[in-house]
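Trainee: Sharing run_15.pdb (PDB, C-alpha atoms and all ligand atoms) below.
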```pdb
ATOM      1  CA  MET A 155     -13.820  35.697   1.182
ATOM      2  CA  LYS A 156     -12.540  35.599  -2.380
ATOM      3  CA  ARG A 157     -13.282  38.804  -4.330
ATOM      4  CA  LEU A 158     -14.941  38.099  -7.634
ATOM      5  CA  ARG A 159     -13.396  39.641 -10.707
ATOM      6  CA  GLN A 160     -15.167  40.030 -14.023
ATOM      7  CA  GLY A 161     -12.183  38.583 -15.919
ATOM      8  CA  ASP A 162     -11.888  35.436 -13.811
ATOM      9  CA  PRO A 163     -13.046  32.641 -16.141
ATOM     10  CA  SER A 164     -14.051  30.416 -13.251
ATOM     11  CA  VAL A 165     -16.635  32.902 -12.025
ATOM     12  CA  SER A 166     -17.496  34.971 -15.092
ATOM     13  CA  ILE A 167     -20.944  33.513 -15.781
ATOM     14  CA  PRO A 168     -22.193  33.479 -12.155
ATOM     15  CA  LEU A 169     -20.786  36.994 -11.727
ATOM     16  CA  MET A 170     -22.645  38.168 -14.836
ATOM     17  CA  ALA A 171     -25.793  36.713 -13.309
ATOM     18  CA  VAL A 172     -25.215  38.432  -9.961
ATOM     19  CA  VAL A 173     -24.466  41.779 -11.611
ATOM     20  CA  ALA A 174     -27.414  41.579 -13.993
ATOM     21  CA  LEU A 175     -29.952  40.402 -11.428
ATOM     22  CA  GLY A 176     -28.823  42.999  -8.878
ATOM     23  CA  ASN A 177     -29.366  45.950 -11.218
ATOM     24  CA  PRO A 178     -33.013  46.499 -12.359
ATOM     25  CA  ALA A 179     -31.814  48.354 -15.455
ATOM     26  CA  LYS A 180     -29.818  45.308 -16.498
ATOM     27  CA  ARG A 181     -32.277  42.668 -15.285
ATOM     28  CA  PRO A 182     -32.788  40.176 -18.132
ATOM     29  CA  GLY A 183     -36.158  39.218 -19.564
ATOM     30  CA  ASN A 184     -37.539  35.678 -19.384
ATOM     31  CA  GLY A 185     -35.735  34.407 -22.495
ATOM     32  CA  GLU A 186     -32.412  35.942 -21.543
ATOM     33  CA  ARG A 187     -32.797  34.719 -17.970
ATOM     34  CA  ASP A 188     -33.458  31.153 -19.161
ATOM     35  CA  SER A 189     -30.375  31.306 -21.336
ATOM     36  CA  LEU A 190     -28.317  32.805 -18.518
ATOM     37  CA  GLU A 191     -29.480  30.152 -16.067
ATOM     38  CA  LYS A 192     -28.691  27.475 -18.621
ATOM     39  CA  LYS A 193     -25.154  28.845 -18.959
ATOM     40  CA  VAL A 194     -24.734  28.937 -15.179
ATOM     41  CA  PHE A 195     -26.031  25.351 -14.928
ATOM     42  CA  LEU A 196     -23.771  24.119 -17.743
ATOM     43  CA  ARG A 197     -20.737  25.807 -16.224
ATOM     44  CA  ARG A 198     -21.490  24.181 -12.855
ATOM     45  CA  GLU A 199     -21.884  20.810 -14.563
ATOM     46  CA  LEU A 200     -18.575  21.241 -16.381
ATOM     47  CA  GLY A 201     -16.914  22.220 -13.110
ATOM     48  CA  ALA A 202     -18.328  19.146 -11.391
ATOM     49  CA  HIS A 203     -17.149  16.961 -14.261
ATOM     50  CA  ARG A 204     -13.619  18.351 -14.027
ATOM     51  CA  LYS A 205     -13.602  17.717 -10.307
ATOM     52  CA  MET A 206     -14.012  14.025 -11.050
ATOM     53  CA  ILE A 207     -10.290  13.941 -11.765
ATOM     54  CA  PRO A 208      -8.105  14.969  -8.829
ATOM     55  CA  THR A 209      -5.204  17.336  -9.480
ATOM     56  CA  ARG A 210      -1.604  16.206  -8.979
ATOM     57  CA  GLU A 211      -1.586  17.991  -5.600
ATOM     58  CA  GLU A 212      -4.767  16.196  -4.525
ATOM     59  CA  CYS A 213      -3.280  12.867  -5.613
ATOM     60  CA  LEU A 214      -0.099  13.482  -3.617
ATOM     61  CA  ARG A 215      -2.216  14.395  -0.593
ATOM     62  CA  LEU A 216      -4.234  11.161  -0.947
ATOM     63  CA  MET A 217      -1.028   9.137  -1.302
ATOM     64  CA  GLY A 218       0.163  10.513   2.045
ATOM     65  CA  GLN A 219      -3.236  10.227   3.671
ATOM     66  CA  TYR A 220      -3.596   6.524   2.812
ATOM     67  CA  GLY A 221      -0.187   5.676   4.241
ATOM     68  CA  MET A 222       1.453   4.396   1.064
ATOM     69  CA  LEU A 223       4.896   2.935   1.674
ATOM     70  CA  GLU A 224       7.659   5.254   0.495
ATOM     71  CA  ASN A 225       8.935   2.787  -2.114
ATOM     72  CA  ILE A 226       5.412   2.476  -3.576
ATOM     73  CA  ILE A 227       5.141   6.281  -3.726
ATOM     74  CA  HIS A 228       8.456   6.450  -5.639
ATOM     75  CA  HIS A 229       7.247   3.691  -7.970
ATOM     76  CA  SER A 230       3.985   5.569  -8.631
ATOM     77  CA  LEU A 231       5.800   8.845  -9.353
ATOM     78  CA  GLU A 232       7.966   7.037 -11.903
ATOM     79  CA  VAL A 233       4.934   5.331 -13.494
ATOM     80  CA  ALA A 234       3.311   8.773 -13.840
ATOM     81  CA  LYS A 235       6.476  10.101 -15.522
ATOM     82  CA  VAL A 236       6.500   7.287 -18.098
ATOM     83  CA  ALA A 237       2.740   7.426 -18.669
ATOM     84  CA  LEU A 238       2.724  11.203 -19.173
ATOM     85  CA  PHE A 239       5.685  11.081 -21.559
ATOM     86  CA  LEU A 240       3.931   8.455 -23.687
ATOM     87  CA  SER A 241       0.621  10.324 -23.577
ATOM     88  CA  VAL A 242       2.128  13.647 -24.652
ATOM     89  CA  GLU A 243       4.045  11.990 -27.500
ATOM     90  CA  LEU A 244       0.977   9.984 -28.592
ATOM     91  CA  ASN A 245      -1.161  13.131 -28.599
ATOM     92  CA  LYS A 246       1.424  14.743 -30.901
ATOM     93  CA  LYS A 247       0.681  11.841 -33.251
ATOM     94  CA  GLY A 248      -3.055  12.544 -33.174
ATOM     95  CA  GLN A 249      -4.212  10.434 -30.221
ATOM     96  CA  ARG A 250      -6.665  12.031 -27.800
ATOM     97  CA  ILE A 251      -5.418  10.953 -24.404
ATOM     98  CA  ASP A 252      -6.669  12.768 -21.309
ATOM     99  CA  LEU A 253      -3.423  13.804 -19.605
ATOM    100  CA  GLY A 254      -5.075  14.667 -16.277
ATOM    101  CA  LEU A 255      -6.738  11.266 -16.128
ATOM    102  CA  VAL A 256      -3.485   9.469 -16.972
ATOM    103  CA  GLU A 257      -1.534  11.411 -14.357
ATOM    104  CA  ALA A 258      -4.101  10.890 -11.588
ATOM    105  CA  ALA A 259      -4.581   7.184 -12.335
ATOM    106  CA  SER A 260      -0.815   6.620 -12.515
ATOM    107  CA  LEU A 261      -0.225   8.354  -9.194
ATOM    108  CA  LEU A 262      -3.122   6.530  -7.519
ATOM    109  CA  HIS A 263      -2.907   3.091  -9.143
ATOM    110  CA  ASP A 264      -1.289   1.558  -6.041
ATOM    111  CA  LEU A 265      -3.159   3.719  -3.513
ATOM    112  CA  THR A 266      -4.427   0.681  -1.564
ATOM    113  CA  LYS A 267      -1.489  -1.656  -2.237
ATOM    114  CA  THR A 268       0.203  -1.029   1.125
ATOM    115  CA  GLU A 269      -2.982  -2.080   2.934
ATOM    116  CA  CYS A 270      -3.449  -5.049   0.595
ATOM    117  CA  LEU A 271       0.008  -6.386   1.435
ATOM    118  CA  LYS A 272      -1.544  -7.154   4.825
ATOM    119  CA  THR A 273      -5.093  -8.098   3.814
ATOM    120  CA  LYS A 274      -4.068 -10.000   0.620
ATOM    121  CA  GLU A 275      -6.921  -8.292  -1.239
ATOM    122  CA  ASP A 276      -6.682  -7.356  -4.923
ATOM    123  CA  HIS A 277      -5.381  -3.770  -4.818
ATOM    124  CA  ALA A 278      -6.696  -2.980  -8.311
ATOM    125  CA  GLN A 279     -10.206  -3.743  -7.037
ATOM    126  CA  THR A 280      -9.919  -2.071  -3.640
ATOM    127  CA  GLY A 281      -8.341   0.979  -5.294
ATOM    128  CA  PHE A 282     -11.226   1.090  -7.756
ATOM    129  CA  GLN A 283     -13.807   0.907  -4.966
ATOM    130  CA  LEU A 284     -12.097   3.549  -2.857
ATOM    131  CA  LEU A 285     -11.827   5.998  -5.752
ATOM    132  CA  MET A 286     -15.403   5.356  -6.866
ATOM    133  CA  GLY A 287     -16.512   6.153  -3.336
ATOM    134  CA  MET A 288     -14.689   9.481  -3.550
ATOM    135  CA  GLY A 289     -16.476  10.304  -6.800
ATOM    136  CA  TYR A 290     -13.411   9.748  -9.004
ATOM    137  CA  GLU A 291     -15.153   7.238 -11.266
ATOM    138  CA  LYS A 292     -12.990   7.635 -14.363
ATOM    139  CA  VAL A 293      -9.781   7.383 -12.366
ATOM    140  CA  GLY A 294     -11.158   4.335 -10.537
ATOM    141  CA  GLU A 295     -11.939   2.609 -13.821
ATOM    142  CA  VAL A 296      -8.373   3.077 -15.050
ATOM    143  CA  VAL A 297      -6.939   1.907 -11.716
ATOM    144  CA  ALA A 298      -9.160  -1.209 -11.858
ATOM    145  CA  GLN A 299      -7.410  -2.201 -15.086
ATOM    146  CA  HIS A 300      -3.809  -1.425 -14.205
ATOM    147  CA  ILE A 301      -2.871  -5.070 -13.697
ATOM    148  CA  TRP A 302      -5.116  -6.780 -16.204
ATOM    149  CA  LEU A 303      -7.048  -4.942 -18.924
ATOM    150  CA  GLY A 304     -10.760  -5.609 -18.882
ATOM    151  CA  LYS A 305     -11.261  -5.753 -22.622
ATOM    152  CA  ALA A 306      -9.344  -5.750 -25.884
ATOM    153  CA  GLY A 307      -8.528  -2.214 -26.988
ATOM    154  CA  ASP A 308      -9.093  -0.459 -30.271
ATOM    155  CA  PRO A 309      -6.232  -1.443 -32.638
ATOM    156  CA  SER A 310      -5.808   2.124 -33.937
ATOM    157  CA  SER A 311      -6.095   4.146 -30.748
ATOM    158  CA  VAL A 312      -4.503   3.990 -27.330
ATOM    159  CA  SER A 313      -6.631   4.346 -24.206
ATOM    160  CA  GLU A 314      -5.741   5.808 -20.818
ATOM    161  CA  GLU A 315      -6.190   2.306 -19.358
ATOM    162  CA  GLU A 316      -3.606   0.885 -21.746
ATOM    163  CA  ILE A 317      -1.126   3.688 -21.048
ATOM    164  CA  VAL A 318      -1.254   3.288 -17.256
ATOM    165  CA  ASN A 319      -1.210  -0.511 -17.492
ATOM    166  CA  TYR A 320       1.811  -0.407 -19.815
ATOM    167  CA  ALA A 321       3.704   2.264 -17.825
ATOM    168  CA  ASP A 322       3.266   0.197 -14.655
ATOM    169  CA  LYS A 323       4.868  -2.780 -16.424
ATOM    170  CA  ARG A 324       7.832  -0.632 -17.490
ATOM    171  CA  VAL A 325       8.674   0.475 -13.930
ATOM    172  CA  MET A 326      10.250  -2.079 -11.624
ATOM    173  CA  HIS A 327      10.253  -0.604  -8.120
ATOM    174  CA  ASP A 328      11.347   2.952  -9.033
ATOM    175  CA  ARG A 329      13.441   2.103 -12.103
ATOM    176  CA  ILE A 330      12.415   2.118 -15.765
ATOM    177  CA  VAL A 331      13.197  -1.259 -17.320
ATOM    178  CA  SER A 332      12.326  -3.248 -20.428
ATOM    179  CA  LEU A 333       9.318  -5.561 -20.439
ATOM    180  CA  ALA A 334      11.740  -8.495 -20.645
ATOM    181  CA  GLU A 335      13.470  -7.471 -17.403
ATOM    182  CA  ARG A 336      10.201  -6.719 -15.632
ATOM    183  CA  PHE A 337       8.651 -10.061 -16.524
ATOM    184  CA  SER A 338      11.790 -11.974 -15.690
ATOM    185  CA  ASP A 339      11.591 -10.431 -12.195
ATOM    186  CA  LEU A 340       7.843 -11.083 -11.890
ATOM    187  CA  LYS A 341       8.266 -14.726 -12.911
ATOM    188  CA  GLU A 342      11.099 -15.182 -10.437
ATOM    189  CA  ARG A 343       9.069 -13.674  -7.588
ATOM    190  CA  TYR A 344       5.575 -14.925  -8.338
ATOM    191  CA  GLY A 345       5.830 -17.735 -10.886
ATOM    192  CA  LYS A 346       6.326 -20.494  -8.338
ATOM    193  CA  HIS A 347       3.430 -22.596  -9.629
ATOM    194  CA  GLN A 348       2.342 -23.474 -13.153
ATOM    195  CA  ARG A 349      -0.948 -21.590 -12.741
ATOM    196  CA  ALA A 350       0.857 -18.422 -11.705
ATOM    197  CA  MET A 351       3.326 -18.850 -14.555
ATOM    198  CA  ASP A 352       0.477 -19.287 -17.094
ATOM    199  CA  TYR A 353      -1.126 -16.100 -15.782
ATOM    200  CA  LEU A 354       2.134 -14.177 -16.175
ATOM    201  CA  GLU A 355       2.575 -15.548 -19.702
ATOM    202  CA  ARG A 356      -0.904 -14.289 -20.674
ATOM    203  CA  LEU A 357      -0.189 -10.929 -19.063
ATOM    204  CA  GLN A 358       3.095 -10.712 -20.958
ATOM    205  CA  GLU A 359       1.432 -11.502 -24.272
ATOM    206  CA  GLU A 360      -1.184  -8.812 -23.678
ATOM    207  CA  ILE A 361       1.347  -6.153 -22.736
ATOM    208  CA  TYR A 362       3.644  -6.848 -25.700
ATOM    209  CA  GLY A 363       0.596  -6.260 -27.924
ATOM    210  CA  ILE A 364       0.110  -2.846 -26.316
ATOM    211  CA  GLU A 365       3.802  -2.045 -26.593
ATOM    212  CA  ASN A 366       3.729  -2.851 -30.310
ATOM    213  CA  LYS A 367       0.701  -0.620 -30.830
ATOM    214  CA  ILE A 368       2.131   2.345 -28.878
ATOM    215  CA  PHE A 369       5.562   2.259 -30.482
ATOM    216  CA  PHE A 370       4.231   1.661 -33.972
ATOM    217  CA  ILE A 371       2.354   4.962 -33.578
ATOM    218  CA  LEU A 372       5.306   6.764 -31.983
ATOM    219  CA  GLN A 373       7.932   5.393 -34.359
ATOM    220  CA  ILE A 374      10.532   5.238 -31.591
ATOM    221  CA  ASP A 375      12.176   2.296 -29.855
ATOM    222  CA  PRO A 376      10.696   1.037 -26.540
ATOM    223  CA  ASN A 377      14.244   1.142 -25.139
ATOM    224  CA  ASP A 378      14.238   4.930 -25.589
ATOM    225  CA  LEU A 379      12.165   5.087 -22.395
ATOM    226  CA  LEU A 380      15.201   3.853 -20.458
ATOM    227  CA  HIS A 381      16.740   7.313 -20.882
ATOM    228  CA  LEU A 382      13.781   9.349 -19.589
TER     229      LEU A 382
HETATM  230 FE    FE B   1       2.377  -0.326  -9.915
END
```
Produce structure tokens that represent the structure in this file.
Mentor:
Amino acid sequence: MKRLRQGDPSVSIPLMAVVALGNPAKRPGNGERDSLEKKVFLRRELGAHRKMIPTREECLRLMGQYGMLENIIHHSLEVAKVALFLSVELNKKGQRIDLGLVEAASLLHDLTKTECLKTKEDHAQTGFQLLMGMGYEKVGEVVAQHIWLGKAGDPSSVSEEEIVNYADKRVMHDRIVSLAERFSDLKERYGKHQRAMDYLERLQEEIYGIENKIFFILQIDPNDLLHL
């Protein structure tokens, strides 16, 4: 059993409660007890909230557990690298991007893709449902929008959804490429019919809008990502 230490921030409030309640001389009065219980409750709530985003280690474990193909794992690791680089740089410019959310959603965006290659289901949707079921709602919402964004973003700020969506478009297999190269490949592979081609054209228009927004804020060239 883990020994509790007074200095351990993860247990400091519950430990204070245990120590105070176990010693009659230090036992708090009603008001203090209410306040103490409130602090314990809030800390538990904050802990639960943080748990809604899996750590990198938990993501890697899930990726193995759900039998992702090795090439899709390599692709996801590269997407996470691009997405985190952009997020860190954007935060330096005053954006408020949740790095843990971006990393988890990037690593898990194709979690169900291997299965969907067989079932022909939409892996953005099945990934969303799977993650929601695990309690990772925020991550699921980002994963749901990694192919097609659900709504137009704020023109002055960049969202986690936009970052992961954009980073995914900049990684072809496990290689960072330009949007032009990525879409040329997508059109060659999937643009066999006019309807599919129209869809890819709309997707391309949307993603160039996001690229312009991100790199206008960063004041660097999109091609700089090729050297990451
Ligand atoms: Fe992807």
Trainee: Check which residues fall inside 9 Å of ligand FE 1 (chain B) when counting all atoms listed in the file, and print them as a ChimeraX atom specification.
Mentor: /A:226,229-230,233,260,263-264,267,300-301,318-319,321-323,325-327
Trainee: I'd like the interatomic distance between atom CA of A:Glu315 and atom CA of A:Ala259, to a tenth of an Å.
Mentor: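 Taking atom CA of A:Glu315 as the start and atom CA of A:Ala259 as the end point, the length is 8.7 Å.
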Trainee: Using Å and a single decimal, report how far atom CA of A:Leu333 sits from atom CA of A:Ala350.
Mentor: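 Interatomic distance here is 17.7 Å.
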Trainee: So, with all atoms listed in the file as the atoms that count, which of A:Cys213, A:Leu253, A:Leu261, A:Leu284 lies closest to A:Ala234?
Mentor: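 Answer, going by the shortest atom-to-atom distance: A:Leu261.
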Trainee: Determine the nearest neighbour of A:Tyr320 from the options A:Leu372, A:Met351, A:Ala258, A:Ala237, counting only C-alpha atoms.
Mentor: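 Ranked by minimum distance to A:Tyr320, first place goes to A:Ala237.
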Trainee: If you measure from atom CA of A:Glu314 to atom CA of A:Asp252, what distance in Å do you get, rounded to one decimal?
Mentor: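 Result for atom CA of A:Glu314 versus atom CA of A:Asp252: 7.0 Å, one decimal.
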Trainee: Would you please work out which residue, of A:Glu316, A:Arg336, A:Leu265, A:Leu380, is nearest to A:Gly363 when using only C-alpha atoms?
Mentor: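 Once distances to A:Gly363 are computed over only C-alpha atoms, the minimum belongs to A:Glu316.
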Trainee: Of the candidates A:Phe370, A:Arg356, A:Leu262, A:Ile251, which one gets nearest to A:Arg215 if we count all atoms listed in the file?
Mentor: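 Of A:Phe370, A:Arg356, A:Leu262, A:Ile251, the one nearest A:Arg215 is A:Leu262, counting all atoms listed in the file.
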Trainee: Extract, using only C-alpha atoms, all DNA, RNA and protein residues at most 6 Å from A:Gly294, discarding same-chain residues fewer than 3 positions from it, and format them as a ChimeraX atom specification.
Mentor: /A:282,285-286,291,297
Trainee: Show me, as lines of an AutoDock Vina configuration file, the centre and edge lengths in Å to one decimal of the axis-aligned box that covers every listed atom of stretch 356-365 of chain A with 8 Å on each side.
Mentor:
```
center_x = 1.3
center_y = -8.2
center_z = -23.5
size_x = 21.0
size_y = 28.2
size_z = 24.9
```
Trainee: For a cutoff of 9 Å around the file-coordinate point (9.0, 0.1, -24.0), which residues qualify once you count all atoms listed in the file? I'd like the result as number ranges by chain.
Mentor: A: 320-321, 324, 331-333, 362, 365-366, 368-369, 375-380
Trainee: Taking the point (-4.0, -0.8, -1.5) as given in the file, collect each protein or nucleic acid residue that comes within 9 Å of it, counting all atoms listed in the file, and present the set as an mmCIF file with C-alpha atoms, keeping the file's coordinate frame.
Mentor:
```
data_model
loop_
_atom_site.group_PDB
_atom_site.id
_atom_site.type_symbol
_atom_site.label_atom_id
_atom_site.label_comp_id
_atom_site.auth_asym_id
_atom_site.auth_seq_id
_atom_site.Cartn_x
_atom_site.Cartn_y
_atom_site.Cartn_z
ATOM 1 C CA TYR A 220 -3.596 6.524 2.812
ATOM 2 C CA MET A 222 1.453 4.396 1.064
ATOM 3 C CA HIS A 263 -2.907 3.091 -9.143
ATOM 4 C CA ASP A 264 -1.289 1.558 -6.041
ATOM 5 C CA LEU A 265 -3.159 3.719 -3.513
ATOM 6 C CA THR A 266 -4.427 0.681 -1.564
ATOM 7 C CA LYS A 267 -1.489 -1.656 -2.237
ATOM 8 C CA THR A 268 0.203 -1.029 1.125
ATOM 9 C CA GLU A 269 -2.982 -2.080 2.934
ATOM 10 C CA CYS A 270 -3.449 -5.049 0.595
ATOM 11 C CA LEU A 271 0.008 -6.386 1.435
ATOM 12 C CA GLU A 275 -6.921 -8.292 -1.239
ATOM 13 C CA ASP A 276 -6.682 -7.356 -4.923
ATOM 14 C CA HIS A 277 -5.381 -3.770 -4.818
ATOM 15 C CA ALA A 278 -6.696 -2.980 -8.311
ATOM 16 C CA GLN A 279 -10.206 -3.743 -7.037
ATOM 17 C CA THR A 280 -9.919 -2.071 -3.640
ATOM 18 C CA GLY A 281 -8.341 0.979 -5.294
#
```
